[in-house]
Number of protein chains: 2
Amino acid sequence: MPTPHPSRWRRRKAARPDEILAAALASFAERGFAATRLEDVAGRAGISKGTLYLYFKGKEELFEAVVRATLLPSIERVEALAATFEGPSAQLLERLLLAFAGVVDSRTGALPKLVIAEAGNFPDLARFYLNEVIRRGLRLIGAILRRGIARGEFRAVDVDHAVFCVVAPMLLGALWKNSLEAYDDAPMDTQALARVHLDLLLRGLEAHRP
Amino acid sequence: MPTPHPSRWRRRKAARPDEILAAALASFAERGFAATRLEDVAGRAGISKGTLYLYFKGKEELFEAVVRATLLPSIERVEALAATFEGPSAQLLERLLLAFAGVVDSRTGALPKLVIAEAGNFPDLARFYLNEVIRRGLRLIGAILRRGIARGEFRAVDVDHAVFCVVAPMLLGALWKNSLEAYDDAPMDTQALARVHLDLLLRGLEAHRP
DNA sequence: ACTAACTTACTGTCTGGTCAGTTACTTGCT
DNA sequence: AGCAAGTAACTGACCAGACAGTAAGTTAGT
């Protein structure tokens with residue numbers, strides 16, 4: 001996106017923060033926290049390094065802001081979906097995983113890699129992510145499984161471990177898309193992966209015995 | 001391991017490389033490539049920074065050596081297992097995943113996180129890992145699935161995507177163990193996860209229809 | 001003319017890499 | 001066996017480059 005203006009720069013106080021966050025997410029996701037230079041982030045956002053410091057206190061604050069800002073919309077979207085549903089559990093699980101596949105393909109998909117990679121360097125952020133994302137998400141899926149079991153739709157499985165198996169393929173897809181996919185021949189089809197996973201998973205959970 | 005010798009240091013040319021590699025793996029795994037300081041690696045290995053340079057050319061070479069050295073034994077172990085087996089496909093899959101669970105719990109389990117995190121900064125390494133580990137592993141599992149389908153043991157599924165679903169839970173376990181597990185209350189039971197996953201997966205693959 | 005958004009040139013610190021010097025161990029000579 | 005003389009493993013102080021953060025100066029907009 002080239003500047004449509006002939007002048008050297010424009011004052012755009014309102015638009016800057018989001019642009020900086022987007023640039024930072026991209027840089028952090030491809031290089032990691034320590035290896036990204038703030039000058040690159042600034043360049044990507046179409047500003048100079050100094051300007052960046054008008055909007056964020058420093059590198060760490062920027063990093064945390066990126067994670068929080070990118071995360072919140074997705075969390076709410078997924079939880080809203082689950083709260084209002086009342087049909088069969090298999091269908092709920094299907095909707096949830098397809099929505100998750102959508103998240104994987106979006107900007108938000110870069111976060112898991114980022115958090116996993118930097119968990120050792122940012123204990124506070126790691127705990128935040130663990131509590132507000134992982135545990136919340138796993139609890140949500142666990143509740144669906146328990147609901148299905150209680151209703152006689154699913155077999156009685158070890159729910160605490162099964163939730164891991166439910167999210168793993170999509171999560172791995174998110175990591176793949178943001179690391180090794182670039183070196184592979186063809187891009188991964190996240191929706192197709194979700195459907196194959198659902199096919200296997202729902203059969204694996206099915207309660208009917210002949 | 002404290003030095004049993006009272007003197008300041010000992011000449012131990014033969015033992016150094018492995019000790020340095022072990023120290024480097026630990027540091028890289030918890031901090032990432034850019035954030036680990038060679039002085040820390042040296043300290044962990046019980047030597048000074050200068051000595052490190054007698055054994056490795058620089059930080060990048062050390063990093064690649066860590067990955068290669070940690071990887072090769074595990075690859076061979078898993079492939080040997082698959083090559084000689086001739087029983088039912090479900091049992092082969094079971095053995096393979098339980099072996100994989102063992103790898104996850106070992107030092108090698110730190111590698112996926114490392115490679116995923118640094119893929120953007122080390123294109124050569126990423127391609128090496130993609131070709132020699134990922135593709136090889138997926139091909140192996142794909143072959144088992146196709147074998148099961150051909151023998152009428154498994155349903156006809158989309159093999160290319162299903163292999164992802166087969167490895168995802170264990171791989172995610174490896175990532176978990178090396179990032180967020182430290183902040184969780186209890187350690188994850190990898191073997192239990194593998195068993196639950198196998199239970200779900202094998203039911204999902206089963207060919208019998210009532 | 002005024003001000004706030006923005007830039008640019010600068011500083012201090014941190015760390016990868018080097019190298020001159022030190023010390024453990026070995027070898028050969030008596 | 002004892003003891004230089006030699007050598008290779010190892011150290012630690014140092015240097016150069018890179019980069020986070022700063023602040024004085026410049027320009028767009030009102």
# chains A, B, ... in the order shown; residues from 1 in each chain; ligands from 1
>>> calpha_fit_rmsd(fixed="chain B", moving="chain A")
0.2 Å
>>> interface_residues(of="chain B", to="chain C", cutoff="12 Å", atoms="only C-alpha atoms (C1' of nucleotides)", output="ChimeraX atom specification")
/B:5,7-13,34-40,49-54,56-60
>>> write_last_selection(atoms="C-alpha atoms", output="short mmCIF file (atom, residue, chain, number, x, y, z; two decimals), in the first residue's frame")
data_model
loop_
_atom_site.label_atom_id
_atom_site.label_comp_id
_atom_site.auth_asym_id
_atom_site.auth_seq_id
_atom_site.Cartn_x
_atom_site.Cartn_y
_atom_site.Cartn_z
CA HIS B 5 38.66 -32.30 40.93
CA SER B 7 41.72 -27.74 40.27
CA ARG B 8 40.17 -24.96 38.26
CA TRP B 9 39.44 -27.06 35.22
CA ARG B 10 40.29 -30.33 33.46
CA ARG B 11 41.10 -31.22 29.90
CA ARG B 12 38.25 -33.32 28.59
CA LYS B 13 38.28 -32.97 24.85
CA ALA B 34 18.02 -15.14 19.56
CA ALA B 35 17.44 -14.80 23.30
CA THR B 36 19.97 -17.38 24.50
CA ARG B 37 23.40 -16.04 25.33
CA LEU B 38 26.37 -18.19 24.51
CA GLU B 39 27.85 -17.32 27.87
CA ASP B 40 24.85 -19.03 29.50
CA LYS B 49 32.67 -18.93 26.29
CA GLY B 50 36.03 -19.14 24.58
CA THR B 51 36.11 -22.91 24.90
CA LEU B 52 32.79 -23.15 23.15
CA TYR B 53 34.39 -21.66 20.06
CA LEU B 54 37.01 -24.39 20.05
CA PHE B 56 31.73 -24.94 17.31
CA LYS B 57 32.21 -22.23 14.73
CA GLY B 58 29.48 -19.95 16.01
CA LYS B 59 25.97 -19.65 17.30
CA GLU B 60 24.24 -20.75 14.12
#
>>> residues_around(residues="range 129-135 of chain B", least_positions_apart="6", cutoff="8 Å", atoms="only C-alpha atoms (C1' of nucleotides)", output="list in words")
Leu180, Tyr183 and Asp184 of chain A; Ile75 and Val115 of chain B
>>> write_last_selection(atoms="C-alpha atoms", output="PDB file, in the first residue's frame")
ATOM      1  CA  LEU A 180       6.780 -24.625   7.817  1.00  0.00           C
ATOM      2  CA  TYR A 183       8.613 -24.115   2.610  1.00  0.00           C
ATOM      3  CA  ASP A 184       6.052 -26.664   1.418  1.00  0.00           C
TER       4      ASP A 184
ATOM      5  CA  ILE B  75      14.242 -40.910  13.496  1.00  0.00           C
ATOM      6  CA  VAL B 115      12.030 -25.685  14.826  1.00  0.00           C
TER       7      VAL B 115
END
>>> residues_around(residues="Leu202 in chain B", least_positions_apart="3", cutoff="8 Å", atoms="only C-alpha atoms (C1' of nucleotides)", output="mmCIF file with C-alpha atoms, in the first residue's frame")
data_model
loop_
_atom_site.group_PDB
_atom_site.id
_atom_site.type_symbol
_atom_site.label_atom_id
_atom_site.label_comp_id
_atom_site.auth_asym_id
_atom_site.auth_seq_id
_atom_site.Cartn_x
_atom_site.Cartn_y
_atom_site.Cartn_z
ATOM 1 C CA GLY A 204 -14.635 -42.268 17.466
ATOM 2 C CA ALA B 90 -4.221 -51.052 14.260
ATOM 3 C CA LEU B 198 -5.601 -44.313 20.198
ATOM 4 C CA ASP B 199 -8.960 -45.308 21.591
ATOM 5 C CA LEU B 205 -10.967 -45.642 11.593
ATOM 6 C CA GLU B 206 -12.770 -48.956 12.149
#
>>> residues_around(residues="Lys177 in chain A", least_positions_apart="4", cutoff="9 Å", atoms="only C-alpha atoms (C1' of nucleotides)", output="list in words")
Val104, Asp105, Gly109, Ala110, Leu172, Gly173, Glu181, Ala182, Pro187 and Met188 of chain A
>>> select_by_dssp(residues="chain A", states="alpha helix (DSSP H)", output="PyMOL selection string")
chain A and resi 16-31+38-44+49-55+59-83+89-105+111-118+123-129+136-150+159-177+190-205
>>> closest_atom_pairs(of="chain A", to="chain B", cutoff="6 Å", atoms="only C-alpha atoms", output="tab-separated table")
residue	atom	partner	partner_atom	distance
A:Glu30	CA	B:Gly120	CA	5.4
A:Arg31	CA	B:Gly120	CA	5.8
A:Ala34	CA	B:Ala34	CA	5.7
A:Ala35	CA	B:Ala34	CA	5.8
A:Ile116	CA	B:Ser179	CA	5.5
A:Ala117	CA	B:Ala117	CA	5.5
A:Ala119	CA	B:Ser179	CA	5.6
A:Gly120	CA	B:Glu30	CA	5.4
A:His161	CA	B:Leu193	CA	5.5
A:Cys165	CA	B:Pro169	CA	5.3
A:Ala168	CA	B:Pro169	CA	5.1
A:Pro169	CA	B:Ala168	CA	5.1
A:Ser179	CA	B:Ile116	CA	5.5
A:Leu193	CA	B:His161	CA	5.5
A:Leu200	CA	B:Gly204	CA	4.6
A:Arg203	CA	B:Gly204	CA	4.6
A:Gly204	CA	B:Gly204	CA	4.0
A:Pro210	CA	B:Pro210	CA	5.5
>>> write_last_selection(atoms="C-alpha atoms", output="mmCIF file, in the first residue's frame")
data_model
loop_
_atom_site.group_PDB
_atom_site.id
_atom_site.type_symbol
_atom_site.label_atom_id
_atom_site.label_comp_id
_atom_site.auth_asym_id
_atom_site.auth_seq_id
_atom_site.Cartn_x
_atom_site.Cartn_y
_atom_site.Cartn_z
ATOM 1 C CA GLU A 30 7.766 -14.588 11.499
ATOM 2 C CA ARG A 31 10.893 -13.750 13.531
ATOM 3 C CA ALA A 34 13.982 -11.214 20.413
ATOM 4 C CA ALA A 35 14.821 -11.285 16.722
ATOM 5 C CA ILE A 116 4.468 -21.183 22.662
ATOM 6 C CA ALA A 117 7.784 -19.806 21.480
ATOM 7 C CA ALA A 119 6.344 -18.656 27.054
ATOM 8 C CA GLY A 120 9.739 -19.099 28.687
ATOM 9 C CA HIS A 161 -7.372 -36.071 27.763
ATOM 10 C CA CYS A 165 -7.315 -34.704 20.917
ATOM 11 C CA ALA A 168 -4.865 -30.738 18.472
ATOM 12 C CA PRO A 169 -5.337 -30.984 14.698
ATOM 13 C CA SER A 179 6.089 -21.865 10.295
ATOM 14 C CA LEU A 193 -8.531 -30.821 7.561
ATOM 15 C CA LEU A 200 -12.786 -39.359 12.463
ATOM 16 C CA ARG A 203 -17.097 -41.753 14.647
ATOM 17 C CA GLY A 204 -14.635 -42.268 17.466
ATOM 18 C CA PRO A 210 -24.381 -52.931 17.041
#
>>> closest_atom_pairs(of="chain D", to="chain A", cutoff="10 Å", atoms="only C-alpha atoms (C1' of nucleotides)", output="tab-separated table")
residue	atom	partner	partner_atom	distance
D:DA18	C1'	A:Arg37	CA	9.9
D:DC19	C1'	A:Arg37	CA	7.2
D:DA20	C1'	A:Lys59	CA	7.9
D:DG21	C1'	A:Gly58	CA	7.8
D:DT22	C1'	A:Gly50	CA	8.8
D:DA23	C1'	A:Gly50	CA	9.9
D:DT27	C1'	A:Trp9	CA	8.6
D:DA28	C1'	A:Arg10	CA	6.6
D:DG29	C1'	A:Arg11	CA	8.0
>>> write_last_selection(atoms="N, CA and C atoms (P, O5', C5', C4', C3', O3' and C1' of nucleotides)", output="PDB file, in the first residue's frame")
ATOM      1  P    DA D  18      26.052  -4.458  12.095  1.00  0.00           P
ATOM      2  O5'  DA D  18      24.925  -4.766  13.161  1.00  0.00           O
ATOM      3  C5'  DA D  18      25.013  -5.940  13.977  1.00  0.00           C
ATOM      4  C4'  DA D  18      23.934  -5.882  15.035  1.00  0.00           C
ATOM      5  C3'  DA D  18      22.695  -5.102  14.586  1.00  0.00           C
ATOM      6  O3'  DA D  18      21.546  -5.747  15.120  1.00  0.00           O
ATOM      7  C1'  DA D  18      23.599  -4.095  16.514  1.00  0.00           C
ATOM      8  P    DC D  19      20.113  -5.421  14.482  1.00  0.00           P
ATOM      9  O5'  DC D  19      19.226  -5.049  15.732  1.00  0.00           O
ATOM     10  C5'  DC D  19      19.509  -5.604  17.018  1.00  0.00           C
ATOM     11  C4'  DC D  19      19.126  -4.623  18.103  1.00  0.00           C
ATOM     12  C3'  DC D  19      17.928  -3.733  17.744  1.00  0.00           C
ATOM     13  O3'  DC D  19      17.091  -3.658  18.875  1.00  0.00           O
ATOM     14  C1'  DC D  19      19.680  -2.425  18.527  1.00  0.00           C
ATOM     15  P    DA D  20      15.480  -3.483  18.760  1.00  0.00           P
ATOM     16  O5'  DA D  20      15.067  -2.959  20.204  1.00  0.00           O
ATOM     17  C5'  DA D  20      15.459  -3.695  21.345  1.00  0.00           C
ATOM     18  C4'  DA D  20      15.649  -2.764  22.527  1.00  0.00           C
ATOM     19  C3'  DA D  20      14.462  -1.855  22.823  1.00  0.00           C
ATOM     20  O3'  DA D  20      14.312  -1.744  24.230  1.00  0.00           O
ATOM     21  C1'  DA D  20      16.387  -0.534  22.329  1.00  0.00           C
ATOM     22  P    DG D  21      13.013  -1.083  24.868  1.00  0.00           P
ATOM     23  O5'  DG D  21      13.411   0.462  24.975  1.00  0.00           O
ATOM     24  C5'  DG D  21      14.413   0.835  25.915  1.00  0.00           C
ATOM     25  C4'  DG D  21      14.919   2.220  25.610  1.00  0.00           C
ATOM     26  C3'  DG D  21      13.877   3.355  25.638  1.00  0.00           C
ATOM     27  O3'  DG D  21      14.291   4.286  26.639  1.00  0.00           O
ATOM     28  C1'  DG D  21      15.369   3.600  23.843  1.00  0.00           C
ATOM     29  P    DT D  22      13.438   5.629  26.990  1.00  0.00           P
ATOM     30  O5'  DT D  22      14.284   6.790  26.311  1.00  0.00           O
ATOM     31  C5'  DT D  22      15.683   6.900  26.563  1.00  0.00           C
ATOM     32  C4'  DT D  22      16.200   8.213  25.997  1.00  0.00           C
ATOM     33  C3'  DT D  22      15.272   9.419  26.151  1.00  0.00           C
ATOM     34  O3'  DT D  22      16.067  10.554  26.499  1.00  0.00           O
ATOM     35  C1'  DT D  22      15.794   9.132  23.873  1.00  0.00           C
ATOM     36  P    DA D  23      15.380  11.821  27.259  1.00  0.00           P
ATOM     37  O5'  DA D  23      16.029  13.049  26.478  1.00  0.00           O
ATOM     38  C5'  DA D  23      17.080  12.836  25.531  1.00  0.00           C
ATOM     39  C4'  DA D  23      16.955  13.824  24.385  1.00  0.00           C
ATOM     40  C3'  DA D  23      15.963  14.974  24.591  1.00  0.00           C
ATOM     41  O3'  DA D  23      16.434  16.088  23.841  1.00  0.00           O
ATOM     42  C1'  DA D  23      15.326  13.816  22.716  1.00  0.00           C
ATOM     43  P    DT D  27      11.330  20.335   7.462  1.00  0.00           P
ATOM     44  O5'  DT D  27       9.799  19.915   7.611  1.00  0.00           O
ATOM     45  C5'  DT D  27       9.448  18.528   7.579  1.00  0.00           C
ATOM     46  C4'  DT D  27       7.978  18.391   7.896  1.00  0.00           C
ATOM     47  C3'  DT D  27       7.055  19.294   7.080  1.00  0.00           C
ATOM     48  O3'  DT D  27       5.922  18.527   6.737  1.00  0.00           O
ATOM     49  C1'  DT D  27       6.601  19.574   9.337  1.00  0.00           C
ATOM     50  P    DA D  28       5.054  18.820   5.358  1.00  0.00           P
ATOM     51  O5'  DA D  28       3.591  18.465   5.895  1.00  0.00           O
ATOM     52  C5'  DA D  28       3.337  17.163   6.400  1.00  0.00           C
ATOM     53  C4'  DA D  28       2.167  17.207   7.362  1.00  0.00           C
ATOM     54  C3'  DA D  28       0.881  17.793   6.794  1.00  0.00           C
ATOM     55  O3'  DA D  28      -0.177  16.970   7.170  1.00  0.00           O
ATOM     56  C1'  DA D  28       1.510  18.981   8.766  1.00  0.00           C
ATOM     57  P    DG D  29      -1.600  17.045   6.477  1.00  0.00           P
ATOM     58  O5'  DG D  29      -2.380  18.002   7.510  1.00  0.00           O
ATOM     59  C5'  DG D  29      -2.829  17.438   8.731  1.00  0.00           C
ATOM     60  C4'  DG D  29      -3.155  18.541   9.695  1.00  0.00           C
ATOM     61  C3'  DG D  29      -4.372  19.399   9.305  1.00  0.00           C
ATOM     62  O3'  DG D  29      -5.282  19.331  10.396  1.00  0.00           O
ATOM     63  C1'  DG D  29      -2.598  20.749  10.033  1.00  0.00           C
TER      64       DG D  29
END
>>> residues_around(residues="range 80-87 of chain B", least_positions_apart="4", cutoff="12 Å", atoms="only C-alpha atoms (C1' of nucleotides)", output="JSON, numbers by chain")
{"B": [73, 74, 75, 76, 91, 92, 93, 94, 95, 96, 97, 98, 99, 100, 137, 139, 140, 141, 142, 143, 144, 147, 148, 151, 153]}
>>> atom_distance(atom1="CA of Val67 in chain A", atom2="CA of Val103 in chain A")
14.4 Å
>>> residues_around(residues="Leu21 in chain B", least_positions_apart="4", cutoff="12 Å", atoms="only C-alpha atoms (C1' of nucleotides)", output="list in words")
Ala15, Arg16, Pro17, Leu25, Ala26, Ser27, Phe28, Ala29, Leu38, Val41, Ala42, Arg44, Ala45, Leu52, Tyr55, Phe56, Lys59, Glu61, Leu62, Phe63, Glu64, Ala65, Val66, Val67, Arg68, Ala69, Thr70 and Arg107 of chain B
>>> atom_distance(atom1="C1' of DG12 in chain D", atom2="CA of Glu19 in chain B")
20.9 Å
>>> atom_distance(atom1="CA of Leu138 in chain A", atom2="CA of Pro112 in chain B")
22.3 Å
